[in-house]
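A.B. asks: My structure is in run_1.cif, and what it holds is mmCIF, C-alpha atoms and all ligand atoms:
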```cif
data_final
#
loop_
_atom_site.label_atom_id
_atom_site.label_comp_id
_atom_site.auth_asym_id
_atom_site.auth_seq_id
_atom_site.Cartn_x
_atom_site.Cartn_y
_atom_site.Cartn_z
CA MET A 24 47.85 48.41 155.18
CA ALA A 25 51.44 47.70 154.26
CA SER A 26 50.49 45.64 151.24
CA HIS A 27 48.42 48.51 149.85
CA LYS A 28 51.02 50.77 148.33
CA GLN A 29 48.76 53.66 147.56
CA LEU A 30 50.00 56.61 145.55
CA PRO A 31 49.78 59.69 147.74
CA ARG A 32 47.23 62.27 146.79
CA THR A 33 48.42 65.16 144.63
CA ALA A 34 46.54 68.33 143.74
CA GLN A 35 43.36 67.74 141.79
CA ILE A 36 42.85 69.79 138.68
CA ARG A 37 39.19 70.43 139.47
CA LEU A 38 40.23 72.05 142.76
CA VAL A 39 42.98 74.19 141.23
CA SER A 40 41.90 77.81 141.10
CA SER A 41 42.54 79.96 138.04
CA HIS A 42 42.79 83.50 136.74
CA GLN A 43 43.33 84.75 133.20
CA GLU A 44 46.72 86.19 134.14
CA VAL A 45 47.98 83.04 135.89
CA TYR A 46 49.77 80.07 134.34
CA GLU A 47 47.57 76.97 134.37
CA PRO A 48 49.05 73.59 135.27
CA CYS A 49 50.62 72.24 132.10
CA ASP A 50 52.96 69.44 130.95
CA ASP A 51 55.85 71.03 132.83
CA SER A 52 53.85 71.28 136.07
CA PHE A 53 52.75 67.64 135.74
CA ALA A 54 56.31 66.50 134.99
CA LEU A 55 57.56 68.28 138.12
CA VAL A 56 54.91 66.67 140.31
CA ASP A 57 55.68 63.30 138.71
CA ALA A 58 59.31 63.83 139.68
CA LEU A 59 58.28 64.53 143.27
CA LEU A 60 56.13 61.40 143.24
CA ALA A 61 58.94 59.32 141.77
CA ASP A 62 61.20 60.58 144.53
CA ARG A 63 58.59 60.54 147.31
CA ASN A 64 60.21 57.82 149.45
CA ASN A 65 63.45 59.77 149.51
CA LEU A 66 61.53 62.98 150.20
CA GLN A 67 59.71 61.42 153.13
CA GLU A 68 62.91 60.02 154.61
CA HIS A 69 64.57 63.39 154.08
CA HIS A 70 62.32 64.89 156.82
CA PRO A 71 62.39 68.44 155.49
CA SER A 72 61.36 71.22 157.88
CA LEU A 73 61.04 74.00 155.31
CA CYS A 74 60.03 73.52 151.69
CA MET A 75 59.86 76.33 149.19
CA GLU A 76 58.57 76.98 145.71
CA ILE A 77 59.75 79.89 143.61
CA GLY A 78 57.17 80.88 140.98
CA CYS A 79 54.17 79.02 142.40
CA GLY A 80 51.68 80.07 139.67
CA SER A 81 48.40 78.22 140.23
CA GLY A 82 49.78 76.45 143.31
CA TYR A 83 49.45 73.03 141.71
CA VAL A 84 53.02 72.00 142.59
CA ILE A 85 53.33 73.28 146.15
CA THR A 86 49.88 71.88 146.96
CA SER A 87 50.96 68.48 145.67
CA LEU A 88 54.17 68.62 147.67
CA ALA A 89 52.20 69.49 150.81
CA LEU A 90 49.86 66.57 150.19
CA ILE A 91 52.83 64.22 149.72
CA LEU A 92 54.81 65.36 152.77
CA GLY A 93 52.14 66.53 155.21
CA GLN A 94 51.86 69.76 157.16
CA GLU A 95 52.61 71.17 160.62
CA ALA A 96 51.89 67.93 162.48
CA SER A 97 54.64 66.31 160.41
CA GLY A 98 56.90 69.25 161.17
CA VAL A 99 56.89 70.61 157.62
CA ASN A 100 56.30 74.21 156.64
CA TYR A 101 55.95 75.66 153.16
CA ILE A 102 56.86 78.98 151.62
CA ALA A 103 55.89 79.95 148.09
CA THR A 104 56.68 83.07 146.10
CA ASP A 105 55.63 84.51 142.78
CA ILE A 106 56.28 87.84 141.12
CA ASN A 107 52.66 87.91 139.92
CA PRO A 108 50.25 88.95 142.71
CA HIS A 109 47.34 87.16 140.98
CA ALA A 110 49.32 83.92 141.01
CA VAL A 111 49.94 84.10 144.74
CA GLU A 112 46.26 84.76 145.33
CA VAL A 113 45.30 81.80 143.13
CA THR A 114 47.82 79.61 144.98
CA ARG A 115 46.15 80.55 148.26
CA GLU A 116 42.76 79.48 146.89
CA THR A 117 44.15 76.24 145.46
CA MET A 118 45.81 75.31 148.73
CA GLU A 119 42.71 76.16 150.74
CA ALA A 120 40.57 73.99 148.47
CA HIS A 121 42.89 71.07 149.28
CA GLY A 122 42.98 71.76 153.00
CA VAL A 123 46.67 72.64 153.04
CA GLY A 124 48.54 75.91 153.46
CA ALA A 125 51.77 77.74 152.81
CA GLU A 126 53.33 81.04 153.64
CA LEU A 127 52.85 83.11 150.50
CA ILE A 128 54.84 86.12 149.44
CA VAL A 129 54.64 88.32 146.37
CA THR A 130 58.26 88.97 145.49
CA ASP A 131 60.93 88.76 142.81
CA ILE A 132 62.41 85.24 143.22
CA ALA A 133 63.14 85.39 146.97
CA ALA A 134 63.90 89.07 147.49
CA GLY A 135 63.48 89.94 151.17
CA LEU A 136 64.16 86.36 152.25
CA GLU A 137 67.73 85.90 151.13
CA GLN A 138 69.31 87.19 154.31
CA ARG A 139 67.35 85.42 157.04
CA LEU A 140 66.20 82.31 155.20
CA ALA A 141 69.74 81.46 154.05
CA GLY A 142 70.65 77.84 154.70
CA LEU A 143 67.18 76.88 155.93
CA VAL A 144 65.38 75.42 152.92
CA ASP A 145 65.48 71.62 152.78
CA VAL A 146 63.48 71.17 149.58
CA MET A 147 63.07 73.71 146.79
CA VAL A 148 60.94 73.21 143.70
CA VAL A 149 61.10 75.50 140.67
CA ASN A 150 59.27 75.47 137.37
CA PRO A 151 60.72 78.70 136.02
CA PRO A 152 59.85 80.74 132.96
CA TYR A 153 62.12 78.86 130.55
CA VAL A 154 60.93 79.65 127.01
CA PRO A 155 63.53 81.42 124.84
CA THR A 156 62.15 84.92 124.11
CA PRO A 157 63.43 88.42 123.46
CA GLU A 158 65.03 89.72 126.64
CA ASP A 159 62.50 92.56 127.02
CA GLU A 160 59.62 90.12 127.57
CA VAL A 161 61.18 88.82 130.79
CA GLY A 162 59.47 89.91 133.98
CA VAL A 163 56.82 92.07 132.35
CA GLU A 164 53.52 92.20 134.15
CA GLY A 165 50.98 89.41 133.82
CA ILE A 166 51.03 86.03 132.19
CA THR A 167 53.96 86.68 129.81
CA SER A 168 56.37 86.54 132.73
CA SER A 169 55.23 82.99 133.45
CA TRP A 170 57.02 81.64 130.41
CA ALA A 171 59.29 84.37 129.01
CA GLY A 172 62.85 83.27 129.75
CA GLY A 173 64.97 85.58 127.59
CA GLU A 174 68.03 84.33 125.74
CA ASN A 175 68.04 80.51 125.65
CA GLY A 176 65.28 80.77 128.25
CA ARG A 177 68.01 81.20 130.85
CA SER A 178 67.50 84.75 132.18
CA VAL A 179 65.37 83.89 135.20
CA ILE A 180 66.95 80.44 135.73
CA ASP A 181 70.40 82.03 135.98
CA LYS A 182 69.10 84.43 138.62
CA ILE A 183 67.42 81.66 140.59
CA LEU A 184 70.42 79.30 140.81
CA PRO A 185 72.60 81.47 143.08
CA VAL A 186 69.56 82.25 145.25
CA ALA A 187 68.79 78.55 145.54
CA ASP A 188 72.41 77.91 146.53
CA ARG A 189 72.10 80.53 149.23
CA LEU A 190 68.78 79.37 150.64
CA LEU A 191 69.31 75.61 150.56
CA SER A 192 70.34 73.95 153.80
CA GLU A 193 73.30 71.58 154.04
CA LYS A 194 70.98 68.73 153.17
CA GLY A 195 68.89 70.81 150.76
CA TRP A 196 67.52 69.49 147.48
CA LEU A 197 66.46 71.47 144.42
CA TYR A 198 64.08 70.15 141.76
CA LEU A 199 64.28 72.28 138.62
CA VAL A 200 62.33 72.09 135.36
CA THR A 201 64.44 72.74 132.28
CA LEU A 202 63.96 72.66 128.55
CA THR A 203 66.57 71.29 126.13
CA ALA A 204 67.02 74.82 124.76
CA ASN A 205 68.14 75.93 128.27
CA ASN A 206 71.26 73.75 127.89
CA PRO A 207 70.65 71.66 131.00
CA SER A 208 74.07 70.02 130.92
CA GLU A 209 75.62 73.46 131.21
CA ILE A 210 73.32 74.23 134.16
CA CYS A 211 74.52 71.03 135.83
CA GLN A 212 78.14 71.97 135.23
CA GLN A 213 77.55 75.40 136.71
CA MET A 214 75.93 73.84 139.77
CA ARG A 215 78.77 71.34 140.02
CA LYS A 216 81.15 74.26 140.48
CA LYS A 217 79.05 75.25 143.49
CA GLY A 218 79.38 71.70 144.83
CA TYR A 219 76.15 70.13 143.67
CA ALA A 220 75.62 66.70 142.20
CA SER A 221 72.66 66.28 139.89
CA LYS A 222 70.47 63.71 138.27
CA ILE A 223 67.53 63.65 135.93
CA VAL A 224 64.45 62.47 137.77
CA VAL A 225 61.96 62.76 134.92
CA GLN A 226 62.41 63.28 131.21
CA ARG A 227 59.46 64.05 128.98
CA SER A 228 59.19 64.89 125.31
CA THR A 229 56.17 66.47 123.73
CA GLU A 230 55.86 67.62 120.15
CA GLU A 231 57.18 71.07 120.95
CA GLU A 232 59.58 70.55 123.79
CA SER A 233 61.74 68.13 125.69
CA LEU A 234 61.57 68.66 129.44
CA HIS A 235 63.96 67.48 132.11
CA ILE A 236 63.30 67.62 135.82
CA ILE A 237 66.73 67.75 137.41
CA LYS A 238 67.41 67.17 141.08
CA PHE A 239 70.42 68.89 142.67
CA TRP A 240 71.95 68.17 146.05
CA ARG A 241 75.12 69.22 147.81
CA ASP A 242 77.77 66.58 147.45
CA VAL A 243 81.09 66.88 149.26
CA ASP A 244 82.76 64.99 146.43
CA THR A 245 81.33 67.22 143.75
CA VAL A 246 83.41 70.35 143.79
CA GLY A 247 84.06 71.19 140.19
CA ASP A 248 86.80 73.78 140.43
CA GLU A 249 88.93 72.17 143.12
CA PRO A 250 92.05 70.50 141.71
CA ASP A 251 92.63 68.20 144.69
CA GLN A 252 89.48 66.16 144.48
CA SER A 253 89.44 62.75 146.05
CA VAL A 254 89.71 59.92 143.55
CA SER A 255 86.26 58.58 144.22
CA GLY A 256 84.84 62.09 143.96
CA PHE A 257 86.61 62.70 140.72
CA ILE A 258 85.55 59.42 139.16
CA GLY A 259 82.10 59.84 140.62
CA SER A 260 81.58 63.25 139.14
CA LEU A 261 83.23 62.16 135.91
CA LEU A 262 80.74 59.35 135.69
CA THR A 263 77.84 61.69 136.39
CA GLN A 264 79.16 64.01 133.77
CA ILE A 265 79.60 61.27 131.15
CA ARG A 266 76.15 59.96 131.91
CA LEU A 267 74.63 63.40 131.55
CA LEU A 268 76.57 64.24 128.42
CA SER A 269 75.75 61.01 126.63
CA TYR A 270 72.23 61.39 127.87
CA TRP A 271 71.82 64.81 126.38
CA ARG A 272 73.58 63.85 123.20
CA GLY A 273 70.91 61.19 122.85
CA THR A 274 67.93 63.46 123.34
CA ASN A 275 69.23 66.80 122.26
CA SER A 276 68.24 66.27 118.64
CA ASP A 277 67.03 69.81 118.08
CA LYS A 278 70.22 71.41 119.35
CA CYS A 279 73.24 69.30 118.42
CA MET B 19 51.55 85.69 157.24
CA ARG B 20 52.93 83.90 160.26
CA LEU B 21 55.49 85.34 162.62
CA LEU B 22 57.84 82.58 161.47
CA THR B 23 57.80 84.24 158.07
CA HIS B 24 58.06 87.72 159.52
CA ASN B 25 61.23 86.57 161.26
CA MET B 26 62.72 85.56 157.91
CA LEU B 27 61.80 88.75 156.02
CA SER B 28 63.89 91.88 155.58
CA SER B 29 63.48 95.06 153.59
CA ASN B 30 65.73 94.79 150.58
CA ILE B 31 65.39 98.28 149.18
CA LYS B 32 68.55 99.40 147.49
CA GLY B 33 70.88 101.14 149.93
CA VAL B 34 69.14 99.86 153.06
CA VAL B 35 71.77 98.40 155.39
CA ASN B 36 69.64 97.09 158.20
CA GLY B 37 66.26 96.08 156.87
CA PHE B 38 65.45 93.70 159.72
CA PRO B 39 63.11 93.40 161.48
CA LEU B 40 60.21 94.90 159.62
CA ARG B 41 57.82 96.71 161.96
CA ILE B 42 54.34 95.25 161.96
CA GLU B 43 51.26 97.42 161.54
CA ALA B 44 48.41 95.09 162.36
CA GLU B 45 44.91 95.87 161.14
CA LYS B 46 43.56 92.35 161.32
CA VAL B 47 45.06 89.33 163.05
CA VAL B 48 43.54 85.85 162.78
CA GLU B 49 44.27 82.68 164.71
CA LYS B 50 44.32 79.27 163.07
CA THR B 51 44.94 76.22 165.21
CA VAL B 52 47.50 73.75 163.91
CA GLU B 53 49.00 70.64 165.45
CA MET B 54 52.22 71.05 167.35
CA ASN B 55 55.47 69.40 166.37
CA GLY B 56 58.11 69.68 169.09
CA ASP B 57 61.06 68.84 166.85
CA PHE B 58 60.12 71.59 164.43
CA LEU B 59 59.81 74.10 167.26
CA LYS B 60 63.18 73.14 168.70
CA LYS B 61 64.81 73.48 165.33
CA MET B 62 63.22 76.88 164.68
CA PHE B 63 64.05 78.14 168.16
CA GLU B 64 67.70 78.15 167.11
CA LYS B 65 66.96 80.17 163.99
CA VAL B 66 64.50 82.72 165.30
CA ASP B 67 65.71 86.17 166.30
CA TRP B 68 64.02 86.27 169.68
CA LYS B 69 63.85 90.02 170.18
CA ALA B 70 62.27 90.56 166.76
CA PHE B 71 59.89 87.69 167.47
CA VAL B 72 58.71 89.03 170.83
CA ASP B 73 58.23 92.54 169.44
CA ALA B 74 56.31 91.14 166.49
CA SER B 75 54.07 89.07 168.76
CA ARG B 76 53.25 92.17 170.81
CA ALA B 77 52.44 94.12 167.66
CA MET B 78 49.96 91.34 166.95
CA GLY B 79 48.41 91.76 170.40
CA TYR B 80 49.99 88.68 171.99
CA ASN B 81 51.83 89.23 175.27
CA GLU B 82 52.65 85.77 176.59
CA LEU B 83 56.27 85.50 175.43
CA PRO B 84 59.17 86.22 177.80
CA GLU B 85 61.49 89.10 176.98
CA GLU B 86 64.41 86.70 176.82
CA ALA B 87 64.54 83.00 176.12
CA ASP B 88 67.09 80.23 176.28
CA PRO B 89 66.96 76.63 175.05
CA SER B 90 66.29 75.20 178.52
CA MET B 91 62.83 76.77 178.36
CA LEU B 92 61.92 74.32 175.62
CA ASP B 93 61.46 71.73 178.37
CA SER B 94 58.47 73.66 179.67
CA ASP B 95 55.15 72.71 178.09
CA GLU B 96 53.74 76.12 178.75
CA PHE B 97 56.61 77.84 176.97
CA LEU B 98 56.43 75.41 174.07
CA ASN B 99 52.69 75.99 173.68
CA ASN B 100 53.12 79.76 173.67
CA PHE B 101 56.05 79.59 171.26
CA HIS B 102 54.02 77.34 168.95
CA HIS B 103 51.01 79.64 169.12
CA ALA B 104 52.98 82.80 168.35
CA LEU B 105 55.16 81.23 165.68
CA LEU B 106 52.55 79.30 163.70
CA GLU B 107 49.00 80.11 164.79
CA LEU B 108 48.90 83.90 164.66
CA HIS B 109 48.48 85.32 161.17
CA LEU B 110 48.75 88.89 160.05
CA GLU B 111 45.78 89.00 157.71
CA GLU B 112 45.64 92.72 156.90
CA GLY B 113 48.18 95.40 157.62
CA ALA B 114 51.68 96.34 156.62
CA LEU B 115 55.35 95.62 157.16
CA VAL B 116 57.39 98.76 157.57
CA CYS B 117 61.06 99.08 156.62
CA PRO B 118 62.92 100.08 159.81
CA GLU B 119 65.30 102.33 157.90
CA THR B 120 63.18 104.11 155.30
CA GLY B 121 59.64 103.77 156.63
CA ARG B 122 58.51 102.27 153.30
CA ARG B 123 55.35 100.21 153.85
CA PHE B 124 54.97 96.77 152.31
CA PRO B 125 51.25 95.96 152.31
CA VAL B 126 49.84 92.69 153.61
CA THR B 127 46.51 91.77 152.00
CA LYS B 128 44.56 88.58 152.68
CA GLY B 129 47.57 87.35 154.60
CA ILE B 130 49.99 87.89 151.72
CA PRO B 131 52.85 90.38 152.01
CA ASN B 132 53.81 92.17 148.82
CA MET B 133 57.57 92.75 148.83
CA LEU B 134 57.83 93.95 145.22
CA LEU B 135 59.96 97.05 144.89
CA HIS B 136 59.34 100.11 142.74
CA GLU B 137 61.79 100.69 139.94
CA ASP B 138 63.70 103.36 141.85
CA GLU B 139 64.14 101.05 144.86
CA VAL B 140 65.93 98.21 143.09
C1 LIG C 301 56.11 78.15 134.20
S1 LIG C 301 55.20 78.99 135.44
C2 LIG C 301 55.03 77.71 136.67
C3 LIG C 301 53.84 77.86 137.56
C4 LIG C 301 53.61 76.70 138.53
N1 LIG C 301 54.71 76.55 139.45
C5 LIG C 301 53.42 75.41 137.77
O1 LIG C 301 54.34 74.59 137.76
O2 LIG C 301 52.36 75.23 137.16
C6 LIG C 301 56.41 80.10 136.11
C7 LIG C 301 55.94 80.98 137.28
O3 LIG C 301 57.05 81.76 137.73
C8 LIG C 301 56.61 83.07 138.01
N2 LIG C 301 57.76 83.98 137.91
C9 LIG C 301 58.34 84.48 136.77
N3 LIG C 301 59.37 85.27 137.08
C10 LIG C 301 59.47 85.27 138.45
C11 LIG C 301 60.33 85.92 139.39
N4 LIG C 301 61.31 86.73 138.98
N5 LIG C 301 60.12 85.73 140.70
C12 LIG C 301 59.12 84.92 141.13
N6 LIG C 301 58.28 84.28 140.29
C13 LIG C 301 58.44 84.45 138.97
C14 LIG C 301 55.51 83.34 137.01
O4 LIG C 301 54.66 84.38 137.43
C15 LIG C 301 54.84 81.97 136.92
O5 LIG C 301 53.80 81.85 137.86
#
```
Would you mind writing the file's structure down as structure tokens?
C.D. replies:
Amino acid sequence: MASHKQLPRTAQIRLVSSHQEVYEPCDDSFALVDALLADRNNLQEHHPSLCMEIGCGSGYVITSLALILGQEASGVNYIATDINPHAVEVTRETMEAHGVGAELIVTDIAAGLEQRLAGLVDVMVVNPPYVPTPEDEVGVEGITSSWAGGENGRSVIDKILPVADRLLSEKGWLYLVTLTANNPSEICQQMRKKGYASKIVVQRSTEEESLHIIKFWRDVDTVGDEPDQSVSGFIGSLLTQIRLLSYWRGTNSDKC
Amino acid sequence: MRLLTHNMLSSNIKGVVNGFPLRIEAEKVVEKTVEMNGDFLKKMFEKVDWKAFVDASRAMGYNELPEEADPSMLDSDEFLNNFHHALLELHLEEGALVCPETGRRFPVTKGIPNMLLHEDEV
């Protein structure tokens, strides 16, 4: 057994349900699941109790996460939200077809959960609407809201980040899909001010877009706006920052 | 929707001060057996608002939970089984969640609560 290092099962496309108004699994969805697979040993050792997806769409990602981490018997529970009622319905079908389940809620980001779920989410995954569009396309009914991200594609992302900060537990991790146009290094800096370290788990370039899956976690040494940081924390975060900056300088060809 | 989720949900209509707990109107309740994980239950016991949980379980037609509970009860298998059953195995399949302050009903269809607000509620 031990010598057979099998890749865990992830959601199978043929079992993923669909609807004309629901975002189908795409490069960004695959990149996010690849990031979860790349990090699966850490995820398994993390022993999360509650995992959450915001914007579950077809359910491809949350289903894959449930297949990687297991369900109730392993002590893991899942919550997934989407603003599009069709998407939540499709997620239910996709999960059922894979023999897994999650608590599903139709809501705007995590409205209704922010009070009582605060500090309880150990793993959060988000593939947000990130495409730069006119602001008035954000959040409109139907499929447009699955990609329309407003100015720099940041409108929904910038609303999700403080919610994620509120819901994540002390040991909580966030996996976020971003596009180069979203200015990911600025997102990392913003999260650093809230005390999060970050790293790129997967980077993928297609003809149209360059995607980064960034993982965030609370790091006692990573408090951006505190002047009295410990030396190791300061150097540590400086190093992270330099790495990220040089990284983005290298790949950010369409922006810089 | 499980009672675990109900315990984490509040009404977030603009101006509502105390939107928790939502009152359950149960039209259809289903039971789905899942394996028990004691560590998970112990962890959730600390987070659950017990009064809201007991009331919710009764609204779902389940009457086996004690009015009050303390952590020592987690040593009892019977209590653990009942807690597990009410927390994770009972599902509100059809019905509504009602805001305790305004009476606004959030529908639950095929097990999925819809918490979206109307424009004048945001
Ligand atoms: C890029 S799609 C990702 C879908 C799926 N998670 C995947 O990776 O294939 C973004 C999803 O976020 C949902 N969404 C957009 N705005 C939202 C909001 N304010 N609250 C919750 N979900 C939202 C959309 O309906 C859509 O399903």
A.B. asks: Using all atoms listed in the file, find each protein or nucleic acid residue lying at most 9 Å from ligand LIG 301 (chain C); present the set as an MDAnalysis selection string.
C.D. replies: chainID A and resid 44:56 76:85 104:111 129:134 148:154 161:172 179 182:183 200
A.B. asks: In Å to one decimal, how far is atom CA of B:Phe38 from atom CA of B:Glu53?
C.D. replies: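 Atom CA of B:Phe38 lies at a distance of 28.9 Å from atom CA of B:Glu53.
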A.B. asks: Could you give me, as number ranges by chain, the residues within 12 Å of B:Gly121, counting all atoms listed in the file and dropping anything in the same chain fewer than 4 positions from it?
C.D. replies: B: 29, 31, 34, 37, 39-43, 114-117
A.B. asks: Mind running chain B against chain A at 6 Å and telling me each contacting residue's nearest atom pair with the distance in Å (one decimal), counting only C-alpha atoms, chain and number ascending, as JSON lines?
C.D. replies:
```
{"residue": "B:Met26", "atom": "CA", "partner": "A:Arg139", "partner_atom": "CA", "distance": 4.7}
{"residue": "B:Leu27", "atom": "CA", "partner": "A:Leu136", "partner_atom": "CA", "distance": 5.0}
{"residue": "B:Ser28", "atom": "CA", "partner": "A:Gly135", "partner_atom": "CA", "distance": 4.8}
{"residue": "B:Ser29", "atom": "CA", "partner": "A:Gly135", "partner_atom": "CA", "distance": 5.7}
{"residue": "B:Asn30", "atom": "CA", "partner": "A:Gly135", "partner_atom": "CA", "distance": 5.4}
{"residue": "B:Glu53", "atom": "CA", "partner": "A:Ala96", "partner_atom": "CA", "distance": 5.0}
{"residue": "B:Met54", "atom": "CA", "partner": "A:Ala96", "partner_atom": "CA", "distance": 5.8}
{"residue": "B:Asn55", "atom": "CA", "partner": "A:Gly98", "partner_atom": "CA", "distance": 5.4}
{"residue": "B:Phe58", "atom": "CA", "partner": "A:Gly98", "partner_atom": "CA", "distance": 5.1}
{"residue": "B:Ile130", "atom": "CA", "partner": "A:Ile128", "partner_atom": "CA", "distance": 5.6}
{"residue": "B:Pro131", "atom": "CA", "partner": "A:Ile128", "partner_atom": "CA", "distance": 5.4}
{"residue": "B:Asn132", "atom": "CA", "partner": "A:Val129", "partner_atom": "CA", "distance": 4.6}
{"residue": "B:Met133", "atom": "CA", "partner": "A:Thr130", "partner_atom": "CA", "distance": 5.1}
{"residue": "B:Leu134", "atom": "CA", "partner": "A:Thr130", "partner_atom": "CA", "distance": 5.0}
```
A.B. asks: So how far away is atom CA of A:Thr117 from atom CA of A:Pro155, in Å?
C.D. replies: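 Atom CA of A:Pro155 sits 28.8 Å away from atom CA of A:Thr117.
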